[in-house]
>>> print(open('protein16.tsv').read())   # TSV, C-alpha atoms and all ligand atoms
chain	number	residue	atom	x	y	z
C	1008	VAL	CA	-43.76	-15.81	10.45
C	1009	ASP	CA	-43.02	-18.56	12.93
C	1010	PHE	CA	-40.12	-16.97	14.75
C	1011	GLN	CA	-38.84	-18.09	18.07
C	1012	LEU	CA	-35.38	-17.99	19.60
C	1013	THR	CA	-33.76	-21.36	20.11
C	1014	GLU	CA	-32.61	-22.29	23.62
C	1015	GLU	CA	-29.04	-21.53	22.59
C	1016	GLN	CA	-30.01	-18.10	21.20
C	1017	THR	CA	-31.84	-17.27	24.43
C	1018	LEU	CA	-28.71	-18.16	26.39
C	1019	ILE	CA	-26.61	-15.92	24.11
C	1020	GLN	CA	-29.13	-13.11	24.62
C	1021	ASP	CA	-28.98	-13.46	28.42
C	1022	MET	CA	-25.20	-13.60	28.40
C	1023	ALA	CA	-24.96	-10.48	26.21
C	1024	ARG	CA	-27.38	-8.60	28.50
C	1025	GLN	CA	-25.45	-9.46	31.66
C	1026	PHE	CA	-22.12	-8.88	29.99
C	1027	ALA	CA	-23.02	-5.49	28.52
C	1028	ALA	CA	-24.25	-4.18	31.87
C	1029	ALA	CA	-20.78	-4.08	33.37
C	1030	LEU	CA	-18.36	-3.33	30.56
C	1031	SER	CA	-15.12	-1.57	31.39
C	1032	ARG	CA	-13.39	0.81	28.95
C	1033	LEU	CA	-11.06	-1.98	27.93
C	1034	ASP	CA	-13.97	-4.40	27.41
C	1035	SER	CA	-15.73	-1.83	25.23
C	1036	ALA	CA	-12.57	-1.18	23.20
C	1037	ILE	CA	-12.27	-4.90	22.46
C	1038	VAL	CA	-15.94	-5.07	21.42
C	1039	PHE	CA	-15.80	-1.92	19.25
C	1040	GLU	CA	-12.63	-3.15	17.55
C	1041	GLN	CA	-14.35	-6.36	16.50
C	1042	LEU	CA	-17.53	-4.58	15.39
C	1043	ALA	CA	-15.44	-2.15	13.32
C	1044	ALA	CA	-13.84	-5.09	11.53
C	1045	GLY	CA	-17.40	-5.67	10.28
C	1046	ASP	CA	-18.14	-2.02	9.48
C	1047	VAL	CA	-16.20	1.04	10.64
C	1048	SER	CA	-18.84	3.66	9.99
C	1049	HIS	CA	-21.74	1.97	11.84
C	1050	THR	CA	-19.47	1.18	14.77
C	1051	ALA	CA	-18.10	4.72	15.00
C	1052	MET	CA	-21.64	6.05	15.18
C	1053	MET	CA	-22.42	3.65	18.03
C	1054	THR	CA	-19.32	4.80	19.90
C	1055	ILE	CA	-20.39	8.44	19.74
C	1056	HIS	CA	-23.89	7.55	20.90
C	1057	ASN	CA	-22.25	5.52	23.66
C	1058	MET	CA	-19.95	8.41	24.69
C	1059	ALA	CA	-22.74	10.99	24.90
C	1060	THR	CA	-25.07	8.56	26.71
C	1061	TRP	CA	-22.32	7.80	29.23
C	1062	MET	CA	-21.90	11.54	29.90
C	1063	ILE	CA	-25.62	11.99	30.63
C	1064	ASP	CA	-25.63	8.90	32.83
C	1065	ARG	CA	-22.43	9.84	34.65
C	1066	TYR	CA	-23.06	13.54	35.21
C	1067	GLY	CA	-26.78	14.11	34.65
C	1068	GLY	CA	-27.97	13.12	38.12
C	1069	ASP	CA	-30.86	10.75	38.84
C	1070	ALA	CA	-33.65	12.78	37.24
C	1071	VAL	CA	-31.93	13.57	33.92
C	1072	SER	CA	-30.54	10.03	33.68
C	1073	ALA	CA	-33.95	8.48	34.34
C	1074	LYS	CA	-35.51	10.76	31.73
C	1075	TYR	CA	-33.10	9.98	28.88
C	1076	VAL	CA	-30.80	7.03	29.49
C	1077	PRO	CA	-33.33	4.15	29.25
C	1078	ARG	CA	-34.55	5.43	25.88
C	1079	LEU	CA	-30.99	6.04	24.69
C	1080	VAL	CA	-29.99	2.51	25.68
C	1081	LYS	CA	-32.97	1.05	23.79
C	1082	GLY	CA	-32.02	3.10	20.73
C	1083	GLU	CA	-35.28	5.10	20.78
C	1084	LEU	CA	-33.15	8.24	21.03
C	1085	ILE	CA	-29.78	8.81	19.38
C	1086	ALA	CA	-27.24	10.89	21.29
C	1087	SER	CA	-24.78	13.15	19.53
C	1088	TYR	CA	-21.92	15.30	20.66
C	1089	CYS	CA	-21.80	18.93	19.53
C	1090	LEU	CA	-18.41	20.31	20.43
C	1091	THR	CA	-17.22	21.91	17.22
C	1092	GLU	CA	-18.24	25.48	16.49
C	1093	PRO	CA	-18.91	26.03	12.78
C	1094	GLY	CA	-16.83	28.54	10.84
C	1095	ALA	CA	-17.94	27.64	7.33
C	1096	GLY	CA	-19.60	24.88	5.35
C	1097	SER	CA	-23.19	23.74	5.11
C	1098	ASP	CA	-24.13	20.83	2.85
C	1099	GLU	CA	-21.43	18.35	3.78
C	1100	LYS	CA	-20.64	15.63	1.25
C	1101	LYS	CA	-18.41	13.17	3.04
C	1102	MET	CA	-15.64	11.01	1.58
C	1103	GLY	CA	-16.43	8.27	4.13
C	1104	TRP	CA	-18.59	7.50	7.17
C	1105	ASN	CA	-21.53	7.28	4.78
C	1106	ALA	CA	-23.50	4.75	6.83
C	1107	GLN	CA	-24.30	7.44	9.37
C	1108	PRO	CA	-25.80	10.90	9.21
C	1109	THR	CA	-23.64	13.93	9.98
C	1110	ALA	CA	-25.52	17.16	10.38
C	1111	GLN	CA	-25.12	20.59	11.83
C	1112	VAL	CA	-27.24	21.29	14.88
C	1113	ILE	CA	-28.55	24.84	14.87
C	1114	MET	CA	-30.07	26.19	18.06
C	1115	GLU	CA	-31.69	29.59	17.63
C	1116	ASP	CA	-33.49	31.30	20.51
C	1117	CYS	CA	-33.49	27.90	22.13
C	1118	ARG	CA	-34.30	27.83	25.84
C	1119	ILE	CA	-33.31	24.71	27.75
C	1120	PRO	CA	-35.26	24.06	30.97
C	1121	VAL	CA	-32.90	24.02	33.93
C	1122	GLU	CA	-34.05	20.53	34.93
C	1123	ASN	CA	-32.46	19.24	31.68
C	1124	ARG	CA	-29.06	20.70	32.50
C	1125	VAL	CA	-26.31	18.12	32.98
C	1126	GLY	CA	-24.48	19.00	36.21
C	1127	ALA	CA	-23.99	22.45	37.67
C	1128	GLU	CA	-23.68	25.65	35.66
C	1129	GLY	CA	-20.13	26.03	34.29
C	1130	ASP	CA	-19.29	22.31	34.50
C	1131	GLY	CA	-20.03	21.53	30.84
C	1132	PHE	CA	-16.52	21.88	29.45
C	1133	LYS	CA	-15.08	19.63	32.16
C	1134	PHE	CA	-17.69	16.95	31.36
C	1135	ALA	CA	-17.10	17.29	27.62
C	1136	MET	CA	-13.38	16.74	28.08
C	1137	SER	CA	-13.87	13.71	30.28
C	1138	GLY	CA	-16.26	12.24	27.69
C	1139	LEU	CA	-13.55	12.69	25.09
C	1140	ASP	CA	-11.13	10.45	27.01
C	1141	GLY	CA	-13.40	7.45	26.42
C	1142	GLY	CA	-14.36	8.73	22.95
C	1143	ARG	CA	-10.71	8.76	21.93
C	1144	ILE	CA	-10.25	5.17	23.06
C	1145	ASN	CA	-13.34	4.16	21.10
C	1146	ILE	CA	-12.36	5.90	17.88
C	1147	GLY	CA	-8.89	4.36	18.18
C	1148	ALA	CA	-10.54	0.94	18.60
C	1149	CYS	CA	-12.62	1.55	15.44
C	1150	SER	CA	-9.41	2.28	13.57
C	1151	LEU	CA	-7.89	-0.97	14.85
C	1152	GLY	CA	-10.82	-3.00	13.55
C	1153	GLY	CA	-10.73	-1.38	10.11
C	1154	ALA	CA	-6.96	-1.75	9.83
C	1155	GLN	CA	-7.07	-5.41	10.91
C	1156	LYS	CA	-9.64	-6.16	8.23
C	1157	ALA	CA	-7.53	-4.39	5.57
C	1158	MET	CA	-4.42	-6.22	6.75
C	1159	ASP	CA	-6.13	-9.66	6.70
C	1160	ALA	CA	-7.42	-8.97	3.19
C	1161	SER	CA	-3.89	-8.06	2.08
C	1162	VAL	CA	-2.34	-11.24	3.46
C	1163	LYS	CA	-4.96	-13.26	1.56
C	1164	TYR	CA	-4.78	-11.26	-1.66
C	1165	THR	CA	-0.99	-11.30	-1.95
C	1166	LYS	CA	-1.10	-15.10	-1.78
C	1167	GLU	CA	-3.64	-15.22	-4.60
C	1168	ARG	CA	-2.27	-12.69	-7.06
C	1169	SER	CA	0.61	-13.70	-9.36
C	1170	GLN	CA	2.91	-11.29	-11.20
C	1171	PHE	CA	6.16	-12.03	-13.03
C	1172	GLY	CA	5.65	-15.75	-12.48
C	1173	LYS	CA	5.22	-15.75	-8.71
C	1174	MET	CA	2.79	-14.82	-5.97
C	1175	ILE	CA	3.21	-11.19	-4.94
C	1176	SER	CA	3.56	-12.46	-1.35
C	1177	GLU	CA	6.88	-13.98	-2.46
C	1178	PHE	CA	8.43	-10.59	-3.23
C	1179	GLN	CA	10.54	-9.50	-0.29
C	1180	ASN	CA	9.20	-5.99	-0.60
C	1181	THR	CA	5.67	-7.32	0.02
C	1182	GLN	CA	6.85	-9.26	3.07
C	1183	PHE	CA	8.54	-6.17	4.50
C	1184	MET	CA	5.40	-4.11	3.96
C	1185	LEU	CA	3.20	-6.72	5.66
C	1186	ALA	CA	5.66	-7.03	8.55
C	1187	ASP	CA	5.62	-3.25	9.05
C	1188	MET	CA	1.82	-3.19	8.91
C	1189	ALA	CA	1.55	-6.00	11.48
C	1190	THR	CA	4.04	-4.24	13.78
C	1191	GLU	CA	2.28	-0.88	13.52
C	1192	LEU	CA	-1.10	-2.51	14.14
C	1193	GLU	CA	0.10	-4.35	17.23
C	1194	ALA	CA	1.76	-1.20	18.63
C	1195	SER	CA	-1.48	0.74	18.03
C	1196	ARG	CA	-3.52	-1.95	19.75
C	1197	MET	CA	-1.22	-1.93	22.79
C	1198	MET	CA	-1.49	1.87	23.06
C	1199	VAL	CA	-5.31	1.78	22.88
C	1200	TYR	CA	-5.71	-1.12	25.32
C	1201	ARG	CA	-3.23	0.36	27.78
C	1202	ALA	CA	-4.91	3.78	27.75
C	1203	ALA	CA	-8.31	2.09	28.24
C	1204	ASP	CA	-6.94	0.16	31.20
C	1205	MET	CA	-5.46	3.36	32.68
C	1206	LEU	CA	-8.83	5.07	32.32
C	1207	ASP	CA	-10.56	2.13	34.02
C	1208	LYS	CA	-8.12	2.46	36.90
C	1209	GLN	CA	-8.44	6.27	36.94
C	1210	LEU	CA	-4.66	6.63	36.85
C	1211	PRO	CA	-3.37	10.23	36.94
C	1212	ASN	CA	-1.96	10.25	33.40
C	1213	ALA	CA	-4.92	8.46	31.81
C	1214	GLY	CA	-6.20	11.49	29.84
C	1215	ALA	CA	-2.82	12.13	28.19
C	1216	ASN	CA	-2.50	8.44	27.34
C	1217	CYS	CA	-5.97	8.42	25.74
C	1218	ALA	CA	-4.84	11.36	23.57
C	1219	MET	CA	-1.54	9.65	22.68
C	1220	ALA	CA	-3.29	6.38	21.86
C	1221	LYS	CA	-5.83	8.11	19.62
C	1222	ARG	CA	-3.13	10.05	17.78
C	1223	PHE	CA	-0.91	7.02	17.31
C	1224	ALA	CA	-3.59	4.44	16.44
C	1225	THR	CA	-5.59	6.61	14.04
C	1226	ASP	CA	-2.46	7.77	12.17
C	1227	PHE	CA	-0.97	4.29	11.89
C	1228	CYS	CA	-4.23	2.50	11.12
C	1229	SER	CA	-4.89	4.93	8.26
C	1230	LYS	CA	-1.39	4.21	7.00
C	1231	ILE	CA	-2.00	0.45	7.27
C	1232	ALA	CA	-5.27	0.74	5.33
C	1233	ASN	CA	-3.53	2.82	2.67
C	1234	ASP	CA	-0.69	0.28	2.43
C	1235	ALA	CA	-3.31	-2.48	2.10
C	1236	LEU	CA	-4.84	-0.59	-0.82
C	1237	GLN	CA	-1.37	-0.31	-2.38
C	1238	LEU	CA	-0.79	-4.06	-2.06
C	1239	HIS	CA	-4.06	-4.66	-3.91
C	1240	GLY	CA	-2.79	-2.55	-6.82
C	1241	GLY	CA	-5.53	-1.13	-9.03
C	1242	TYR	CA	-8.08	-3.53	-7.55
C	1243	GLY	CA	-7.66	-1.83	-4.19
C	1244	TYR	CA	-9.08	1.32	-5.72
C	1245	LEU	CA	-12.29	-0.48	-6.73
C	1246	SER	CA	-15.23	-0.59	-4.34
C	1247	GLU	CA	-15.65	-4.34	-4.89
C	1248	TYR	CA	-12.59	-5.05	-2.73
C	1249	GLU	CA	-13.78	-2.90	0.25
C	1250	ILE	CA	-10.28	-1.58	0.97
C	1251	GLU	CA	-10.98	1.85	-0.49
C	1252	GLN	CA	-14.00	2.13	1.84
C	1253	ILE	CA	-11.85	1.37	4.88
C	1254	VAL	CA	-9.34	4.02	3.76
C	1255	ARG	CA	-12.15	6.57	3.40
C	1256	ASP	CA	-13.85	5.62	6.69
C	1257	LEU	CA	-10.65	5.69	8.76
C	1258	ARG	CA	-9.42	9.00	7.38
C	1259	VAL	CA	-11.76	11.12	9.45
C	1260	HIS	CA	-10.56	9.52	12.70
C	1261	GLN	CA	-7.41	11.63	12.35
C	1262	ILE	CA	-9.63	14.73	12.36
C	1263	LEU	CA	-12.38	14.00	14.89
C	1264	GLU	CA	-12.34	14.01	18.68
C	1265	GLY	CA	-9.51	16.53	18.52
C	1266	THR	CA	-7.39	16.65	15.36
C	1267	ASN	CA	-4.14	14.74	15.60
C	1268	GLN	CA	-2.35	18.08	15.78
C	1269	ILE	CA	-4.56	19.71	18.44
C	1270	ILE	CA	-4.40	16.53	20.49
C	1271	CYS	CA	-0.65	17.01	20.89
C	1272	HIS	CA	-1.41	19.75	23.42
C	1273	PHE	CA	-1.05	17.00	26.03
C	1274	ALA	CA	2.71	17.27	25.35
C	1275	PRO	CA	4.75	17.58	28.54
A	1	LIG	C1	-17.65	13.27	9.17
A	1	LIG	C2	-17.52	14.25	10.30
A	1	LIG	C3	-18.26	14.08	11.44
A	1	LIG	C4	-18.14	14.98	12.51
A	1	LIG	N1	-18.89	14.78	13.63
A	1	LIG	C5	-18.82	15.67	14.64
A	1	LIG	C6	-19.63	15.52	15.81
A	1	LIG	O1	-20.40	14.56	15.94
A	1	LIG	N2	-19.56	16.48	16.77
A	1	LIG	C7	-18.72	17.53	16.68
A	1	LIG	O2	-18.68	18.35	17.58
A	1	LIG	N3	-17.94	17.71	15.58
A	1	LIG	C8	-17.97	16.81	14.57
A	1	LIG	N4	-17.18	16.97	13.45
A	1	LIG	C9	-16.29	18.13	13.38
A	1	LIG	C10	-14.86	17.75	13.76
A	1	LIG	O3	-14.79	17.43	15.13
A	1	LIG	C11	-13.97	18.93	13.38
A	1	LIG	O4	-13.88	18.97	11.96
A	1	LIG	C12	-12.59	18.79	14.00
A	1	LIG	O5	-12.65	18.96	15.40
A	1	LIG	C13	-11.59	19.82	13.44
A	1	LIG	O6	-12.10	21.09	13.54
A	1	LIG	P1	-12.13	22.04	12.25
A	1	LIG	O7	-12.78	21.30	11.15
A	1	LIG	O8	-12.73	23.32	12.71
A	1	LIG	O9	-10.61	22.21	11.88
A	1	LIG	P2	-9.63	23.39	12.30
A	1	LIG	O10	-9.62	23.53	13.77
A	1	LIG	O11	-9.92	24.60	11.47
A	1	LIG	O12	-8.24	22.77	11.85
A	1	LIG	C14	-7.69	22.90	10.53
A	1	LIG	C15	-6.23	22.46	10.62
A	1	LIG	O13	-5.51	23.31	11.50
A	1	LIG	C16	-4.90	22.57	12.52
A	1	LIG	N5	-4.95	23.35	13.79
A	1	LIG	C17	-5.98	24.08	14.26
A	1	LIG	N6	-5.67	24.63	15.45
A	1	LIG	C18	-4.41	24.20	15.74
A	1	LIG	C19	-3.53	24.41	16.85
A	1	LIG	N7	-3.88	25.13	17.93
A	1	LIG	N8	-2.31	23.79	16.83
A	1	LIG	C20	-1.94	23.05	15.78
A	1	LIG	N9	-2.73	22.85	14.68
A	1	LIG	C21	-3.95	23.40	14.68
A	1	LIG	C22	-5.74	21.29	12.62
A	1	LIG	O14	-5.02	20.23	13.21
A	1	LIG	C23	-6.06	21.05	11.17
A	1	LIG	O15	-4.99	20.39	10.55
A	1	LIG	C24	-17.27	16.09	12.38
A	1	LIG	C25	-16.50	16.26	11.22
A	1	LIG	C26	-16.61	15.35	10.19
A	1	LIG	C27	-15.77	15.56	8.95
>>> encode(input="protein16.tsv", output="structure tokens", more="lines below")
Ligand SMILES: Cc1cc2nc3c(=O)[nH]c(=O)nc-3n(C[C@H](O)[C@H](O)[C@H](O)COP(=O)(O)OP(=O)(O)OC[C@H]3O[C@@H](n4cnc5c(N)ncnc54)[C@H](O)[C@@H]3O)c2cc1C
Amino acid sequence: VDFQLTEEQTLIQDMARQFAAALSRLDSAIVFEQLAAGDVSHTAMMTIHNMATWMIDRYGGDAVSAKYVPRLVKGELIASYCLTEPGAGSDEKKMGWNAQPTAQVIMEDCRIPVENRVGAEGDGFKFAMSGLDGGRINIGACSLGGAQKAMDASVKYTKERSQFGKMISEFQNTQFMLADMATELEASRMMVYRAADMLDKQLPNAGANCAMAKRFATDFCSKIANDALQLHGGYGYLSEYEIEQIVRDLRVHQILEGTNQIICHFAP
């Protein structure tokens, strides 16, 4: 195959390389939001890989970072985050997030050489929690992307579908629903972006704001996706229209990275 990048593609490649090297939390949230508008499940997997890789890079010290981070960045290794202790369940059949594997990690009589330890003994929980601040921003950003896609599809669909002699976009009820969805989406976006900016600036209340943004954005974006399905009527329930997949993919964001009930422990 005669395959060579054009001059323009080489420039795009260089720009992406330089750009990606210095992304802030807010930059990453913007990127993940747009990727999630393409596919929520793939993007969410990348964000978790990104979160765990960041933790190794940030806290692992030179030797551990040099050993793992270059291969993680190239995608030769995939990082995962094992925080949840199992109580039950084995063969998980998921309602969404099907583009990525979810598996239990079982470590039996497993000895980890001390040179692989990230940070000092006893620091793990602190590192895990700080990783979650960024993880919560990222999962919120994935919800934004999915909800935006569902919202855009609804605006288009309601202008195409006629019932009772007029477009369904002409019913005031439809307009009110779309206005609510747009408002909730914008409020969610502001919460996520603001928390990301606070984390970038290492402001004292950044952790609580990451938790609030995750709770708010994942709850509202799931609602928006569900409302979008409703506006599509029966067609929204069919896989052909992609809305049902967004509903299924976003649902787990209310459960992961701290359930939206547990996460309220930030409450003053
Ligand atoms: C698709 C998928 C992928 C996952 N990927 C990962 C992963 O990569 N890494 C990982 O570590 N885990 C992962 N998980 C697990 C996930 O993080 C947990 O399911 C989640 O943290 C909730 O824990 P639980 O299932 O034990 O629920 P429980 O803690 O049993 O909660 C059940 C209910 O009780 C409520 N509840 C529990 N305690 C309290 C409390 N103190 N106050 C108020 N309400 C409470 C919860 O909010 C929830 O409504 C994944 C799960 C799924 C479904």
>>> residues_near_ligand(input="protein16.tsv", ligand="ligand LIG 1 (chain A)", cutoff="9 Å", atoms="only C-alpha atoms and all ligand atoms", output="ChimeraX atom specification")
/C:1052,1055,1087-1095,1099-1105,1107-1111,1256,1259-1272
>>> atom_distance(input="protein16.tsv", atom1="CA of Ala1203 in chain C", atom2="CA of His1056 in chain C")
18.1 Å
>>> atom_distance(input="protein16.tsv", atom1="CA of Thr1017 in chain C", atom2="CA of Leu1030 in chain C")
20.3 Å
>>> atom_distance(input="protein16.tsv", atom1="CA of Gln1237 in chain C", atom2="CA of Met1197 in chain C")
25.2 Å
>>> closest_residue(input="protein16.tsv", among="C:Lys1156, C:Arg1032, C:Lys1208, C:Arg1168", to="Ala1232 in chain C", atoms="all atoms listed in the file")
C:Lys1156
>>> residues_around(input="protein16.tsv", residues="Val1076 in chain C", least_positions_apart="2", cutoff="12 Å", atoms="only C-alpha atoms", output="PyMOL selection string")
chain C and resi 1056-1074+1078-1086
>>> residues_near_point(input="protein16.tsv", point="(-6.9, 0.8, 0.1)", cutoff="7 Å", atoms="all atoms listed in the file", output="list in words")
Ala1232, Asn1233, Asp1234, Ala1235, Leu1236, Gln1237, Gly1243, Tyr1244, Ile1250, Glu1251, Ile1253 and Val1254 of chain C
>>> residues_around(input="protein16.tsv", residues="Ala1189 in chain C", least_positions_apart="3", cutoff="10 Å", atoms="only C-alpha atoms", output="list in words")
Ala1154, Gln1155, Met1158, Asp1159, Phe1183, Met1184, Leu1185, Ala1186, Leu1192, Glu1193, Ala1194, Ser1195 and Ile1231 of chain C
>>> residues_around(input="protein16.tsv", residues="Cys1217 in chain C", least_positions_apart="3", cutoff="12 Å", atoms="all atoms listed in the file", output="MDAnalysis selection string")
chainID C and resid 1032:1033 1036 1136:1148 1195 1197:1207 1209:1214 1220:1225 1264:1265 1270:1271 1273
